[in-house]
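A.B. asks: This is the structure, below, for whatever I ask next.
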Amino acid sequence: MKLTGLRSVELGVTDVAAATRFYTEVWGLAPVASPGGAVYLRGSGAPHYLVALHPRATPELLSVTFNARSRKDVNALHAAVKGAAVGAVGVPAAIAEPGGGYGFAFMDPEGRIFRAIAEDARHADSRDATDRPRELAHVVLNSADVPRATAFFVDVLGFRLTDQTRMMDFMTCNDHHHNVAFAHADGATLNHIAFEVPDLESVMRGAGRLRDRGYRIEWGVGRHGPGNNVFAYFIGPEDFVVEYTAEVGRVDAAYRVGRPDDWKWPPGRVDHWGVSDPPSDRMQAAQRKIRFAGSMAVA
Ligand SMILES: [Fe+2]
């Protein structure tokens with residue numbers, strides 16, 4: 001596959017300082033750069049940054065960034081996206097922001113903005129910590145036309161569909177069960193952003209730290225069906241929904257794509273263990289609020 005993983009999300013927030021306090025002091029990321037009023041935050045893993053916070057008039061998702069294997073693959077992806085003729089497509093070039101690299105931005109059929117970047121900076125001091133996010137695990141994006149969104153990701157970007165439920169399509173560009181999912185909804189909004197922590201202990205410790213700071217667990221702790229990952233969901237600043245997750249399943253060539261009938265919980269259950277209540281009403285409302293920016297401002 002030309003894309004090798006999910007690297008970062010670029011968020012627009014109305015209060016960068018408040019959001020930075022949450023993502024550093026509570027969520028467990030660390031600042032790496034702060035050019036021109038923006039703040040870039042890393043996890044304990046190698047990616048140069050996981051979250052960029054840009055000042056904006058309203059909270060919005062500016063872009064979702066994937067790593068590509070090489071410049072050659074960036075150029076091949078660019079040709080494929082242009083050929084698909086679904087929305088605006090930038091020109092591959094040096095990326096003038098922290099982490100650098102070579103890449104381009106593009107819109108998908110519903111106006112979501114993504115980037116593919118190769119040769120960006122990686123941290124040499126990557127080291128797990130039990131109470132800190134390592135990398136991004138996945139983003140879940142709402143879609144009014146999931147089959148179309150999935151077809152673009154599979155046919156044009158080279159993702160592999162791994163499971164389908166009544167709620168969403170899961171797909172991956174590496175051996176993780178999913179790094180993107182599209183959820184059936186009434187429009188192209190952000191559902192949530194998931195951060196990978198090292199293990200179940202880390203999910204529990206992270207959840208405890210959030211509770212200590214006054215953030216309730218909006219869904220979880222539990223274990224998902226597709227992906228078999230453990231989870232705890234929270235509402236972060238400006239209603240971005242964020243998840244700690246661990247133990248995400250790996251898929252090989254033999255993995256059989258699950259269909260909605262394969263993923264039905266017994267009555268009353270919403271997770272594998274049966275210990276979690278359903279997602280809170282507050283979180284379900286927040287999971288429909290954040291829209292993508294209307295233009296490719298961060299490219
Ligand atoms: Fe998730």
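Each chain in the structure tokens gets a letter, A, B, ..., in the order shown, and its residues are numbered from 1; ligands are numbered from 1 in order too.
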A:His192: which residues within 9 Å, counting only C-alpha atoms, same-chain residues fewer than 5 positions away excluded, as a PDB file with C-alpha atoms, in the first residue's frame?
C.D. replies:
```pdb
ATOM      1  CA  HIS A 138      -7.854   5.927  14.019  1.00  0.00           C
ATOM      2  CA  VAL A 139     -10.298   8.605  13.055  1.00  0.00           C
ATOM      3  CA  VAL A 140     -13.979   7.906  12.606  1.00  0.00           C
ATOM      4  CA  LEU A 141     -15.683  10.234  10.146  1.00  0.00           C
ATOM      5  CA  TYR A 233     -14.228   7.991  25.249  1.00  0.00           C
ATOM      6  CA  PHE A 240     -13.946  17.192  19.903  1.00  0.00           C
ATOM      7  CA  VAL A 241     -14.595  13.592  20.979  1.00  0.00           C
ATOM      8  CA  VAL A 242     -11.380  11.761  21.864  1.00  0.00           C
ATOM      9  CA  GLU A 243     -10.712   8.123  22.706  1.00  0.00           C
ATOM     10  CA  GLN A 287     -20.075  13.385  17.601  1.00  0.00           C
TER      11      GLN A 287
END
```
A.B. asks: List the neighbours of A:Glu60 out to 7 Å using only C-alpha atoms; skip same-chain residues closer than 6 positions along the sequence, and give me the result as number ranges by chain.
C.D. replies: A: 11-13, 290-293
A.B. asks: Among stretch 57-298 of chain A, which residues carry a DSSP assignment of strand (DSSP E), reported as a count of residues only?
C.D. replies: 73
A.B. asks: Neighbouring residues of A:Val221 were defined as those with any atom within 12 Å, considering only C-alpha atoms; residues of the same chain fewer than 4 positions away were excluded. Please report them as a PDB file with C-alpha atoms, in the first residue's frame.
C.D. replies:
```
ATOM      1  CA  LEU A 200      -5.289  -1.886  28.874  1.00  0.00           C
ATOM      2  CA  GLU A 201      -3.513  -0.618  31.999  1.00  0.00           C
ATOM      3  CA  SER A 202      -2.806   2.615  30.121  1.00  0.00           C
ATOM      4  CA  VAL A 203      -6.444   2.988  29.060  1.00  0.00           C
ATOM      5  CA  MET A 204      -7.495   2.549  32.696  1.00  0.00           C
ATOM      6  CA  ARG A 205      -4.860   4.941  34.049  1.00  0.00           C
ATOM      7  CA  GLY A 206      -5.688   7.503  31.392  1.00  0.00           C
ATOM      8  CA  ALA A 207      -9.403   7.221  32.169  1.00  0.00           C
ATOM      9  CA  GLY A 208      -8.644   7.724  35.848  1.00  0.00           C
ATOM     10  CA  ARG A 216     -16.536  11.948  32.848  1.00  0.00           C
ATOM     11  CA  ILE A 217     -16.134   8.777  30.812  1.00  0.00           C
ATOM     12  CA  ASN A 229      -9.655  -2.889  20.915  1.00  0.00           C
ATOM     13  CA  VAL A 230     -10.319  -1.612  24.437  1.00  0.00           C
ATOM     14  CA  PHE A 231     -11.678   1.910  24.705  1.00  0.00           C
ATOM     15  CA  ALA A 232     -12.630   4.907  26.843  1.00  0.00           C
ATOM     16  CA  TYR A 233     -14.228   7.991  25.249  1.00  0.00           C
ATOM     17  CA  PHE A 234     -14.231  11.589  26.451  1.00  0.00           C
ATOM     18  CA  GLU A 243     -10.712   8.123  22.706  1.00  0.00           C
ATOM     19  CA  TYR A 244      -7.946   6.224  24.446  1.00  0.00           C
ATOM     20  CA  THR A 245      -7.590   2.815  22.845  1.00  0.00           C
ATOM     21  CA  ALA A 246      -5.240  -0.175  23.064  1.00  0.00           C
ATOM     22  CA  VAL A 270     -22.682  -2.421  23.732  1.00  0.00           C
ATOM     23  CA  ASP A 271     -19.230  -3.938  24.180  1.00  0.00           C
ATOM     24  CA  HIS A 272     -17.504  -7.297  24.288  1.00  0.00           C
ATOM     25  CA  TRP A 273     -17.339  -7.494  28.079  1.00  0.00           C
ATOM     26  CA  GLY A 274     -20.839  -6.224  28.840  1.00  0.00           C
ATOM     27  CA  VAL A 275     -19.554  -3.794  31.467  1.00  0.00           C
ATOM     28  CA  SER A 276     -20.077  -0.498  29.602  1.00  0.00           C
ATOM     29  CA  ASP A 277     -23.218   1.603  29.457  1.00  0.00           C
ATOM     30  CA  PRO A 278     -24.169   2.930  25.994  1.00  0.00           C
ATOM     31  CA  PRO A 279     -22.491   6.131  24.754  1.00  0.00           C
TER      32      PRO A 279
END
```
A.B. asks: My list of candidates is A:Gly158, A:Ala137, A:His176, A:Arg288. Which is closest to ligand 1 when distances are computed with only C-alpha atoms and all ligand atoms?
C.D. replies: A:Ala137
A.B. asks: Near A:Phe22, counting only C-alpha atoms, which residues have an atom at most 10 Å away, once you skip same-chain residues fewer than 5 positions from it, shown as a list in words?
C.D. replies: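 With the cut-off at 10 Å, the set is Val16, Ala17, Trp27, Gly28, Leu29, Leu210, Arg213, Gly236 and Pro237 of chain A.
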A.B. asks: Give me, please, the distance in Å between atom CA of A:Arg148 and atom CA of A:Asp108, quoted to one decimal.
C.D. replies: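 Separation between atom CA of A:Arg148 and atom CA of A:Asp108: 9.7 Å.
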A.B. asks: Considering only C-alpha atoms and all ligand atoms, state which residue in the set A:Gly187, A:Gly268, A:Pro226, A:Pro59 is at the smallest distance from ligand 1.
C.D. replies: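 For ligand 1, the nearest of the given residues is A:Pro226.
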A.B. asks: With only C-alpha atoms as the counted atoms, please give the residues lying no more than 10 Å from A:Arg71, apart from itself and same-chain residues fewer than 5 positions off, as a VMD selection string.
C.D. replies: chain A and resid 2 76 to 77 92 to 93 101 to 103 116 to 119
A.B. asks: Output C-alpha atoms for every residue in that selection, as a PDB file, in the first residue's frame.
C.D. replies:
```
ATOM      1  CA  LYS A   2       1.197   3.503  -0.798  1.00  0.00           C
ATOM      2  CA  ALA A  76       1.335   8.111  -7.716  1.00  0.00           C
ATOM      3  CA  LEU A  77      -1.396   8.871  -5.153  1.00  0.00           C
ATOM      4  CA  PRO A  92       2.848  17.668  -4.310  1.00  0.00           C
ATOM      5  CA  ALA A  93       5.475  19.914  -2.735  1.00  0.00           C
ATOM      6  CA  GLY A 101       8.202  16.210   4.287  1.00  0.00           C
ATOM      7  CA  TYR A 102       6.767  16.039   0.801  1.00  0.00           C
ATOM      8  CA  GLY A 103       3.081  15.714   0.125  1.00  0.00           C
ATOM      9  CA  ALA A 116      -0.536  12.301   2.091  1.00  0.00           C
ATOM     10  CA  ILE A 117       3.010  13.056   3.256  1.00  0.00           C
ATOM     11  CA  ALA A 118       6.283  11.148   2.850  1.00  0.00           C
ATOM     12  CA  GLU A 119       9.744  11.767   4.282  1.00  0.00           C
TER      13      GLU A 119
END
```
A.B. asks: What's around A:Ser34 at 12 Å? Count only C-alpha atoms, leave out sequence neighbours fewer than 3 positions away in its own chain, and write the answer as a list in words.
C.D. replies: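 These residues fall inside the cut-off: Val16, Ala17, Thr20, Ala30, Pro31, Gly37, Ala38, Val39, Tyr40, Leu41, Arg42, Tyr49, Val51, Ala52, Leu53, His54, Pro55, Glu97 and Pro98 of chain A.
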A.B. asks: Report, in Å to a single decimal, how far apart atom CA of A:Ile193 and atom CA of A:Gly43 are.
C.D. replies: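 Atom CA of A:Gly43 sits 13.8 Å away from atom CA of A:Ile193.
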A.B. asks: With only C-alpha atoms and all ligand atoms as the basis for distance, which of A:Ser295, A:Thr65, A:Asn179, A:Ser8 is at the shortest distance from ligand 1?
C.D. replies: A:Asn179
A.B. asks: Write out as a ChimeraX atom specification the residues lying within 12 Å of A:Ala79, counting only C-alpha atoms and excluding same-chain residues fewer than 6 positions away.
C.D. replies: /A:72-73,85,89-92,104,106,156-157
A.B. asks: Next, the residues of the selection above should be written as a compact mmCIF listing (two decimals), in the first residue's frame with C-alpha atoms.
C.D. replies:
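Written file, out.txt:
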```txt
# COMPACT_ATOMS: atom_id res chain seq x y z
CA LYS A 72 7.19 8.22 -5.68
CA ASP A 73 4.11 6.95 -3.88
CA ALA A 85 -11.84 13.96 -10.10
CA VAL A 89 -6.36 18.51 -5.27
CA GLY A 90 -3.15 20.31 -4.29
CA VAL A 91 0.20 19.86 -5.99
CA PRO A 92 2.85 17.67 -4.31
CA PHE A 104 -0.21 17.15 -0.99
CA PHE A 106 -6.96 16.76 -1.41
CA VAL A 156 -8.39 5.43 -5.14
CA LEU A 157 -6.29 5.52 -1.95
```
A.B. asks: According to DSSP computed on the backbone, where in stretch 52-285 of chain A is there alpha helix (DSSP H)? Give the residues as a PyMOL selection string.
C.D. replies: chain A and resi 71-84+146-151+200-212+281-285
A.B. asks: Keeping N, CA and C atoms for every residue in the selection just given, could you write it to a file as a short mmCIF file (atom, residue, chain, number, x, y, z; two decimals), in the first residue's frame?
C.D. replies:
```
data_model
loop_
_atom_site.label_atom_id
_atom_site.label_comp_id
_atom_site.auth_asym_id
_atom_site.auth_seq_id
_atom_site.Cartn_x
_atom_site.Cartn_y
_atom_site.Cartn_z
N ARG A 71 8.29 9.49 -1.86
CA ARG A 71 7.91 10.55 -2.80
C ARG A 71 7.22 9.97 -4.02
N LYS A 72 7.77 8.87 -4.50
CA LYS A 72 7.19 8.22 -5.68
C LYS A 72 5.73 7.85 -5.40
N ASP A 73 5.48 7.34 -4.22
CA ASP A 73 4.11 6.95 -3.88
C ASP A 73 3.22 8.18 -3.70
N VAL A 74 3.78 9.27 -3.16
CA VAL A 74 3.00 10.51 -3.09
C VAL A 74 2.57 10.93 -4.49
N ASN A 75 3.52 10.89 -5.42
CA ASN A 75 3.20 11.30 -6.79
C ASN A 75 2.17 10.36 -7.43
N ALA A 76 2.30 9.08 -7.15
CA ALA A 76 1.34 8.11 -7.72
C ALA A 76 -0.05 8.33 -7.11
N LEU A 77 -0.11 8.59 -5.80
CA LEU A 77 -1.40 8.87 -5.15
C LEU A 77 -2.00 10.15 -5.72
N HIS A 78 -1.16 11.14 -5.95
CA HIS A 78 -1.63 12.40 -6.51
C HIS A 78 -2.29 12.15 -7.87
N ALA A 79 -1.64 11.35 -8.69
CA ALA A 79 -2.21 11.04 -10.01
C ALA A 79 -3.54 10.31 -9.87
N ALA A 80 -3.60 9.39 -8.91
CA ALA A 80 -4.83 8.61 -8.71
C ALA A 80 -5.97 9.51 -8.24
N VAL A 81 -5.66 10.41 -7.30
CA VAL A 81 -6.71 11.30 -6.77
C VAL A 81 -7.17 12.27 -7.85
N LYS A 82 -6.23 12.80 -8.59
CA LYS A 82 -6.61 13.71 -9.69
C LYS A 82 -7.48 12.98 -10.71
N GLY A 83 -7.09 11.76 -11.00
CA GLY A 83 -7.84 10.95 -11.97
C GLY A 83 -9.27 10.67 -11.52
N ALA A 84 -9.44 10.60 -10.19
CA ALA A 84 -10.78 10.30 -9.66
C ALA A 84 -11.69 11.53 -9.75
N VAL A 146 -21.85 6.46 3.01
CA VAL A 146 -20.71 5.61 3.39
C VAL A 146 -20.21 4.77 2.22
N PRO A 147 -21.08 4.15 1.42
CA PRO A 147 -20.54 3.35 0.30
C PRO A 147 -19.63 4.17 -0.63
N ARG A 148 -20.01 5.43 -0.87
CA ARG A 148 -19.20 6.28 -1.74
C ARG A 148 -17.87 6.63 -1.07
N ALA A 149 -17.92 6.99 0.22
CA ALA A 149 -16.70 7.33 0.95
C ALA A 149 -15.75 6.13 1.00
N THR A 150 -16.31 4.97 1.27
CA THR A 150 -15.49 3.76 1.35
C THR A 150 -14.90 3.42 -0.02
N ALA A 151 -15.71 3.56 -1.06
CA ALA A 151 -15.21 3.24 -2.41
C ALA A 151 -14.03 4.13 -2.78
N LEU A 200 -4.06 -2.10 28.10
CA LEU A 200 -5.29 -1.89 28.87
C LEU A 200 -5.02 -1.08 30.14
N GLU A 201 -3.89 -1.38 30.80
CA GLU A 201 -3.51 -0.62 32.00
C GLU A 201 -3.46 0.89 31.69
N SER A 202 -2.93 1.20 30.51
CA SER A 202 -2.81 2.62 30.12
C SER A 202 -4.17 3.24 29.86
N VAL A 203 -5.09 2.47 29.26
CA VAL A 203 -6.44 2.99 29.06
C VAL A 203 -7.08 3.29 30.43
N MET A 204 -6.90 2.37 31.37
CA MET A 204 -7.50 2.55 32.70
C MET A 204 -6.86 3.73 33.43
N ARG A 205 -5.53 3.83 33.37
CA ARG A 205 -4.86 4.94 34.05
C ARG A 205 -5.24 6.28 33.42
N GLY A 206 -5.30 6.28 32.08
CA GLY A 206 -5.69 7.50 31.39
C GLY A 206 -7.10 7.91 31.77
N ALA A 207 -8.01 6.93 31.81
CA ALA A 207 -9.40 7.22 32.17
C ALA A 207 -9.47 7.78 33.59
N GLY A 208 -8.67 7.22 34.48
CA GLY A 208 -8.64 7.72 35.85
C GLY A 208 -8.12 9.15 35.92
N ARG A 209 -7.10 9.44 35.12
CA ARG A 209 -6.55 10.80 35.12
C ARG A 209 -7.61 11.80 34.64
N LEU A 210 -8.35 11.41 33.59
CA LEU A 210 -9.41 12.30 33.10
C LEU A 210 -10.47 12.52 34.16
N ARG A 211 -10.86 11.45 34.85
CA ARG A 211 -11.88 11.58 35.90
C ARG A 211 -11.37 12.48 37.02
N ASP A 212 -10.10 12.31 37.40
CA ASP A 212 -9.52 13.18 38.43
C ASP A 212 -9.65 14.66 38.05
N ASP A 281 -25.62 10.60 25.87
CA ASP A 281 -26.31 11.50 24.93
C ASP A 281 -25.44 12.69 24.58
N ARG A 282 -24.72 13.19 25.59
CA ARG A 282 -23.82 14.33 25.36
C ARG A 282 -22.78 14.00 24.30
N MET A 283 -22.20 12.80 24.42
CA MET A 283 -21.16 12.44 23.46
C MET A 283 -21.76 12.24 22.07
N GLN A 284 -22.93 11.63 22.02
CA GLN A 284 -23.53 11.40 20.70
C GLN A 284 -23.85 12.73 20.01
N ALA A 285 -24.21 13.75 20.80
CA ALA A 285 -24.44 15.08 20.22
C ALA A 285 -23.13 15.68 19.74
#
```
A.B. asks: With distances taken over only C-alpha atoms and all ligand atoms, which of A:Phe170, A:Phe66, A:Trp265, A:Phe153 is nearest to ligand 1?
C.D. replies: A:Phe170
A.B. asks: With distances taken over only C-alpha atoms and all ligand atoms, which residue among A:Ala181, A:Ile235, A:Ala129, A:Met1 lies nearest ligand 1?
C.D. replies: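 Smallest distance to ligand 1 is found for A:Ala181.
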A.B. asks: Between atom CA of A:Arg112 and atom CA of A:Ala88, what is the spacing in Å?
C.D. replies: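 Separation of atom CA of A:Ala88 and atom CA of A:Arg112: 10.2 Å.
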A.B. asks: Between A:Ser143, A:Glu218, A:Asp175, A:His123, which is the closest to A:Ala254 once you count only C-alpha atoms?
C.D. replies: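 Checking each candidate against A:Ala254, we get A:Asp175 as the closest.
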